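What follows is one structure encoded as structure tokens, with my remarks underneath.
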Amino acid sequence: MFRFRLAPLRAAAFFAVGFVVLRVGYRVLFDGASGAGFPLLELPRIPLAGPFSHIILLGPVTTGGLTNAAVSALPVAALILLFGALNAVVDVSRLFARGAGRGPLRAVSRALVIAWATFPALLDSVRRVRVAGRLRGERSIPALLVPVFEQTVERALALAASMEARGFAATRVVDGVCERPVVLKDAALGFGDATDWHLDHVDLELLPGTLTVITGSTGSGKSSLLYSLSGLFQHFIEGDQAGLIEVGGADRAVTPPRDTAGFVGVVSQNVRLSFVAETVRDEIGFALSVRGVAAVIVDQRAREVAGRLGIDHLLDRGVQALSAGEASLVAIGAALISRPILLLVDEPLADLDGPARLRVCGLLERLAHESGVCVVVAEHNTREWARAADAWLELRGNRVHLLGPGEVPGPVRSGSGHAATPPGATAGAALASIRHLTVRRRAEVVVDDVSLDIAAGDIIALEGPNGAGKSSLLGALALGADPGTVIVAGRDVAELGHRDRRAAVTLVPENVDDLLFSTTVAEECRRADRALRHTPTGIAGPATAVRFAGLLGLEVDAAGHLLRRHPRDLSAGERLCLVMAIQLGAAPALLLVDEPTRGLDPVARTLVASALRRASGTASAVVFATHDREFARDLATRTLSMDAARIAADPLVGTP
Amino acid sequence: MSRTQGRWTAGILVAGSILAAAGFAWPLFVAAVPRDAQAAVPIVAFALVPALVVALAVTLDREMYTAKTVALLGVLSAVGAAVRIAGTGVGGVEAVFVLLVLAGRVYGARFGFLLGLLTIAVSSMLWGGFGPWTPFQMFACGWVGAGAGLLPGLGRLGTRGEPASRLAARLEIALLAGYGIAASYLFGLVMNLWFWPFAVGSGTGISYAADASPGDNVASFALYTLVTSTLTWDTVRAVTTTLGIVLVGPAALSALRRARLPRPAAARRRNVRPRSTSLRGGETRTRPSTAQGAAAVPQTGPHPSAPA
């Protein structure tokens, strides 16, 4: 509640002085600075006319008049100072945090708490978008504001979904029937008439103590099916349901997620976006505290859950300071606090590296098979779940197919995976050379003395665990490093201006959305073309829209329906291709791509692989960082492995 | 929320705003009050406006208590506060109206009003600027947001199903920019009104005089506000607001419209789908699924399935 900050006091002093000066100014200007004392200025009195006839401008100024004016301003100035002092010692945000749970202003005070927790994310977003702007060569400030704003709204939605699923604003509490966690009878899901996506005739019964994996390609509706169980589909994203969906005996068509939070736990895909509280302790306890459970009990339960997940050492940590794996565990803990009989988990493995994946898989398996929870996971990565899953729900067409434990769905592959021969086999001339590149972030060395030669036509895969320095290496190559360390096409990248630099090397970052600024794909492409007009090379190749279609393997006319869309409505694979098309516009000698397969299903991966192959050519090379061994093996002409800031294998001995 | 309850809320909001307006305009009313009570008028005004802020916030609180509204309010007021504070850093360029106008337009008058209130609250918390002036700022900003929500709908523009035509979209931006200019000057006017007697004090030509005729006081105030802010701050604010709405308006409007507030279930059934239902990363659910040939019969399903 109490603390000391100097800034409010300083600001108040500034305003108080300003107030006194203004008061004196008004007096001088409007004939109020005369009086006793030594005359300073003999200004003429200028009477005004019309409705202002009672006002006289200027007039003589005397020392006494000035002193009087200043003294008369002192009470208000003192008041300003007083409030400055109060603000300096009272921490008002704590007052609001107290009201966030209950009382007549609970919505407003919860909104204030969220606002408070949003600032770090906002700063982070601004930082990311500034980097993205540099990567894209876009310098107009309004254009950069748009992605910041979009990310903010996106965060609000993710937050809202996670609050809703955890019982925020629940009006009546529904009790669940443990024996029947999920029953679907002839259920159908859709979005009205406006789209062609729908699922029909879904019949399903899931039992306690089982782990079920929903699988299918991106866009097949895995998440929608999962959300229809959590109720977010019907009551949050406003999809339409027909037939019967019962969760713990409650009819989903009429029961919103908030009312079933007591027995349904939901873990969203992007767990970091869905964190509501500031510390891990508050985050895990959120579902209980919005229900008005006493703070002591919430705290004890939070510790109990954290202990069970082996994350009790994180309890006092801020949620922003968690690693990807830790964040997943915290989100699972937050869903477990109300002891759910049904746990719904959306793509839990997408952001995780090997060890963290094993941990999360093992945890969910134990929850199902030892604690008797009915666990449902949506995932297109089927391999990790082969051992744990009791049943698979495979989405194909508009139907859901139930497969037993033995019948693991085969990896959905569309032919061309191995077919193309790497074009790099014939190329040879060194296109880029990296010499003793070291990158430091604060005190830490994130890239340590990396040397490397890249030939035209190379497609290089950069592998390694989380935190190995892959992204830092790519970032340093694209945005400048120490002089003499990165030479592309015979020129030192550190000495190039931002336009020339983009002609040498461009990066497609991991968060491709950061690079999207416009409201339609077509406009996005035009913006990229406009930016290119000012480059030394001009528009070297085809326009961005044509290139985008080309990467997708389409004619530009066939891509018309995509061009009319909002960039964020494209599928993940299509978005990546769009950003690649933009970044290839500057005809870079070297294209860098960070984690191109993150969150992609096998079909989209094939799409991206052929796009990357098309991007490499006689005058250029591609380097991509990835966790995905299989993808790297199929595509790369060379594989480099990075660990602890160094390239582990000898980079010059390629392993095609 | 039932219709009668909605009407009650609307009534309370209108009555509260009128009372608050009287609180802002206290210098113009003093002459009508008996001479003995005149000294108490500013004190009443200073107690009335904060009380009204609380009363209206409480009235709206029940209605706004849904996860989506609260999350959007929180996140957008953080943006507003950040914009406001960043603006103070670069010579008082006030761009916060851009956000208030756009959000009020998309989410309606009540949301806009609360957003104005909260933006001031959050930014005051952040830099430590709470004081007697805060409730007045809250009301003035709340009105700016609410006013944007009350602007006419321009026909088909209100629907979010299909992208509006180019011309209609431009018309909307022009309307909002025009409103932004008006709001910028009116904001300066009402903020000057309640503070005028304190700023000038007594003994000048434009001083507030309790015994002067209302006409004289209005003229004095007009000159005061012209000199104080209309020619300077308000004009800067009008220019930045217009620029902001024209430059970021179209994209920001579409971002806001992608995230809709919950509406009554009955209205929902008939509604066209939004362009996106995205919850995470904007991944689309609108694509047809990739059918892998003819499907097998589901084990538990009595219905034979057909190829998609």
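Residue numbering restarts at 1 for every chain of the structure tokens, chains are lettered A, B, ... in their displayed order, and ligands are numbered from 1 as they appear.
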*List every residue of stretch 13-234 of chain B that DSSP, applied to the backbone, labels as alpha helix (DSSP H), and write the result as an MDAnalysis selection string.*
chainID B and resid 13:24 26:29 41:64 67:89 96:107 109:127 133:149 166:200 214:225 233:234
*Close residues, A:Val447 itself excluded, 12 Å, only C-alpha atoms, min 6 positions apart in chain, as a PyMOL selection string*: chain A and resi 436-441+467-477+481+642-648
*Residues at most 7 Å from stretch 128-137 of chain B, counting only C-alpha atoms, excluding those fewer than 3 positions away in the same chain, as a PyMOL selection string?*
(chain A and resi 8+83-84+87-88) or (chain B and resi 49-50+53+120+124-125+140-141)
*Within 10 Å of A:Glu365, counting only C-alpha atoms, which residues show up once you throw out same-chain ones fewer than 5 positions away? Write them as a list in words, please.*
Gly209, Thr210, Leu211, Arg359, Val360, Glu370, Ser371, Gly372, Val373, Val375, Trp385, Arg387, Ala388, Ala389 and Asp390 of chain A
*Determine, counting only C-alpha atoms, which protein, DNA and RNA residues have an atom within 9 Å of an atom of B:Val101; residues of the same chain fewer than 6 positions away are not included. Present the result as a ChimeraX atom specification.*
/B:112,144-149,176-177,179-180,245
Export, as a PDB file, in the first residue's frame, the selected residues with N, CA and C atoms.
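See part.pdb below for the written result:
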```
ATOM      1  N   GLY B 112     -17.300   2.921 -24.309  1.00  0.00           N
ATOM      2  CA  GLY B 112     -16.453   4.090 -24.532  1.00  0.00           C
ATOM      3  C   GLY B 112     -16.337   4.941 -23.281  1.00  0.00           C
ATOM      4  N   VAL B 144     -16.044  11.736 -24.261  1.00  0.00           N
ATOM      5  CA  VAL B 144     -15.476  11.626 -25.612  1.00  0.00           C
ATOM      6  C   VAL B 144     -15.726  10.219 -26.165  1.00  0.00           C
ATOM      7  N   GLY B 145     -15.475   9.198 -25.341  1.00  0.00           N
ATOM      8  CA  GLY B 145     -15.688   7.824 -25.796  1.00  0.00           C
ATOM      9  C   GLY B 145     -17.154   7.526 -26.020  1.00  0.00           C
ATOM     10  N   ALA B 146     -18.006   8.020 -25.100  1.00  0.00           N
ATOM     11  CA  ALA B 146     -19.435   7.750 -25.223  1.00  0.00           C
ATOM     12  C   ALA B 146     -20.009   8.427 -26.465  1.00  0.00           C
ATOM     13  N   GLY B 147     -19.566   9.649 -26.713  1.00  0.00           N
ATOM     14  CA  GLY B 147     -20.064  10.384 -27.879  1.00  0.00           C
ATOM     15  C   GLY B 147     -19.773   9.639 -29.172  1.00  0.00           C
ATOM     16  N   ALA B 148     -18.589   9.054 -29.248  1.00  0.00           N
ATOM     17  CA  ALA B 148     -18.240   8.298 -30.455  1.00  0.00           C
ATOM     18  C   ALA B 148     -19.176   7.112 -30.628  1.00  0.00           C
ATOM     19  N   GLY B 149     -19.616   6.535 -29.504  1.00  0.00           N
ATOM     20  CA  GLY B 149     -20.529   5.403 -29.585  1.00  0.00           C
ATOM     21  C   GLY B 149     -21.921   5.806 -30.007  1.00  0.00           C
ATOM     22  N   LEU B 176     -15.576  10.037 -38.176  1.00  0.00           N
ATOM     23  CA  LEU B 176     -14.867   9.932 -36.910  1.00  0.00           C
ATOM     24  C   LEU B 176     -13.843  11.053 -36.753  1.00  0.00           C
ATOM     25  N   ALA B 177     -13.185  11.409 -37.850  1.00  0.00           N
ATOM     26  CA  ALA B 177     -12.204  12.487 -37.774  1.00  0.00           C
ATOM     27  C   ALA B 177     -12.902  13.797 -37.432  1.00  0.00           C
ATOM     28  N   TYR B 179     -15.703  14.123 -35.818  1.00  0.00           N
ATOM     29  CA  TYR B 179     -16.067  14.043 -34.408  1.00  0.00           C
ATOM     30  C   TYR B 179     -14.844  14.279 -33.521  1.00  0.00           C
ATOM     31  N   GLY B 180     -13.706  13.716 -33.949  1.00  0.00           N
ATOM     32  CA  GLY B 180     -12.474  13.887 -33.174  1.00  0.00           C
ATOM     33  C   GLY B 180     -12.111  15.356 -33.018  1.00  0.00           C
ATOM     34  N   ILE B 245      -6.617   9.226 -36.516  1.00  0.00           N
ATOM     35  CA  ILE B 245      -7.782   8.484 -37.007  1.00  0.00           C
ATOM     36  C   ILE B 245      -7.619   8.158 -38.493  1.00  0.00           C
TER      37      ILE B 245
END
```
*asked:* Just to confirm, what's the straight-line distance from atom CA of A:Asp458 to atom CA of A:Ser616 in Å (one decimal)?
replied: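 The value is 7.1 Å.
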Contact residues around B:Val218 with only C-alpha atoms at 12 Å, ignoring same-chain residues under 6 positions, as a CSV table (one decimal) with N, CA and C atoms, in the first residue's frame:
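For reference, out-v4.csv as written:
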```csv
chain,number,residue,atom,x,y,z
A,51,PRO,N,-19.4,42.3,-26.6
A,51,PRO,CA,-19.7,41.6,-25.3
A,51,PRO,C,-18.5,41.5,-24.4
A,52,PHE,N,-17.3,41.9,-24.9
A,52,PHE,CA,-16.1,41.8,-24.0
A,52,PHE,C,-15.8,43.2,-23.4
A,54,HIS,N,-16.3,44.6,-20.8
A,54,HIS,CA,-15.8,44.8,-19.4
A,54,HIS,C,-14.4,44.3,-19.2
A,55,ILE,N,-13.8,43.9,-20.3
A,55,ILE,CA,-12.4,43.3,-20.2
A,55,ILE,C,-11.4,44.3,-20.7
B,25,ALA,N,-20.0,23.0,-14.8
B,25,ALA,CA,-20.3,24.4,-15.2
B,25,ALA,C,-20.6,25.2,-14.0
B,27,PRO,N,-19.3,27.5,-12.3
B,27,PRO,CA,-19.1,29.0,-12.2
B,27,PRO,C,-20.2,29.7,-12.9
B,28,LEU,N,-20.9,29.1,-13.8
B,28,LEU,CA,-22.0,29.8,-14.5
B,28,LEU,C,-23.3,29.8,-13.7
B,29,PHE,N,-23.3,28.9,-12.7
B,29,PHE,CA,-24.6,28.8,-11.9
B,29,PHE,C,-24.6,29.6,-10.7
B,189,LEU,N,-12.7,22.9,-23.7
B,189,LEU,CA,-13.7,23.9,-23.2
B,189,LEU,C,-14.2,23.4,-21.8
B,193,LEU,N,-13.7,25.0,-18.1
B,193,LEU,CA,-14.8,25.6,-17.4
B,193,LEU,C,-14.7,25.5,-15.9
B,196,TRP,N,-11.5,27.3,-14.4
B,196,TRP,CA,-11.3,28.7,-14.7
B,196,TRP,C,-11.1,29.6,-13.5
B,206,ILE,N,-10.6,39.0,-16.9
B,206,ILE,CA,-11.3,37.8,-17.3
B,206,ILE,C,-11.6,36.9,-16.0
B,207,SER,N,-11.5,37.5,-14.9
B,207,SER,CA,-11.8,36.7,-13.7
B,207,SER,C,-13.2,36.4,-13.6
B,208,TYR,N,-13.5,35.2,-13.0
B,208,TYR,CA,-14.8,34.9,-12.7
B,208,TYR,C,-15.3,35.8,-11.5
B,209,ALA,N,-16.5,36.4,-11.7
B,209,ALA,CA,-17.0,37.2,-10.7
B,209,ALA,C,-18.4,36.8,-10.3
B,210,ALA,N,-18.6,36.4,-9.1
B,210,ALA,CA,-19.8,35.9,-8.6
B,210,ALA,C,-21.0,36.8,-8.8
B,212,ALA,N,-21.2,39.3,-11.1
B,212,ALA,CA,-21.3,39.8,-12.5
B,212,ALA,C,-22.5,39.1,-13.2
B,224,TYR,N,-10.9,33.6,-21.8
B,224,TYR,CA,-10.0,32.8,-21.0
B,224,TYR,C,-9.7,31.5,-21.8
B,225,THR,N,-10.7,30.8,-22.2
B,225,THR,CA,-10.5,29.5,-22.8
B,225,THR,C,-9.8,29.7,-24.2
```
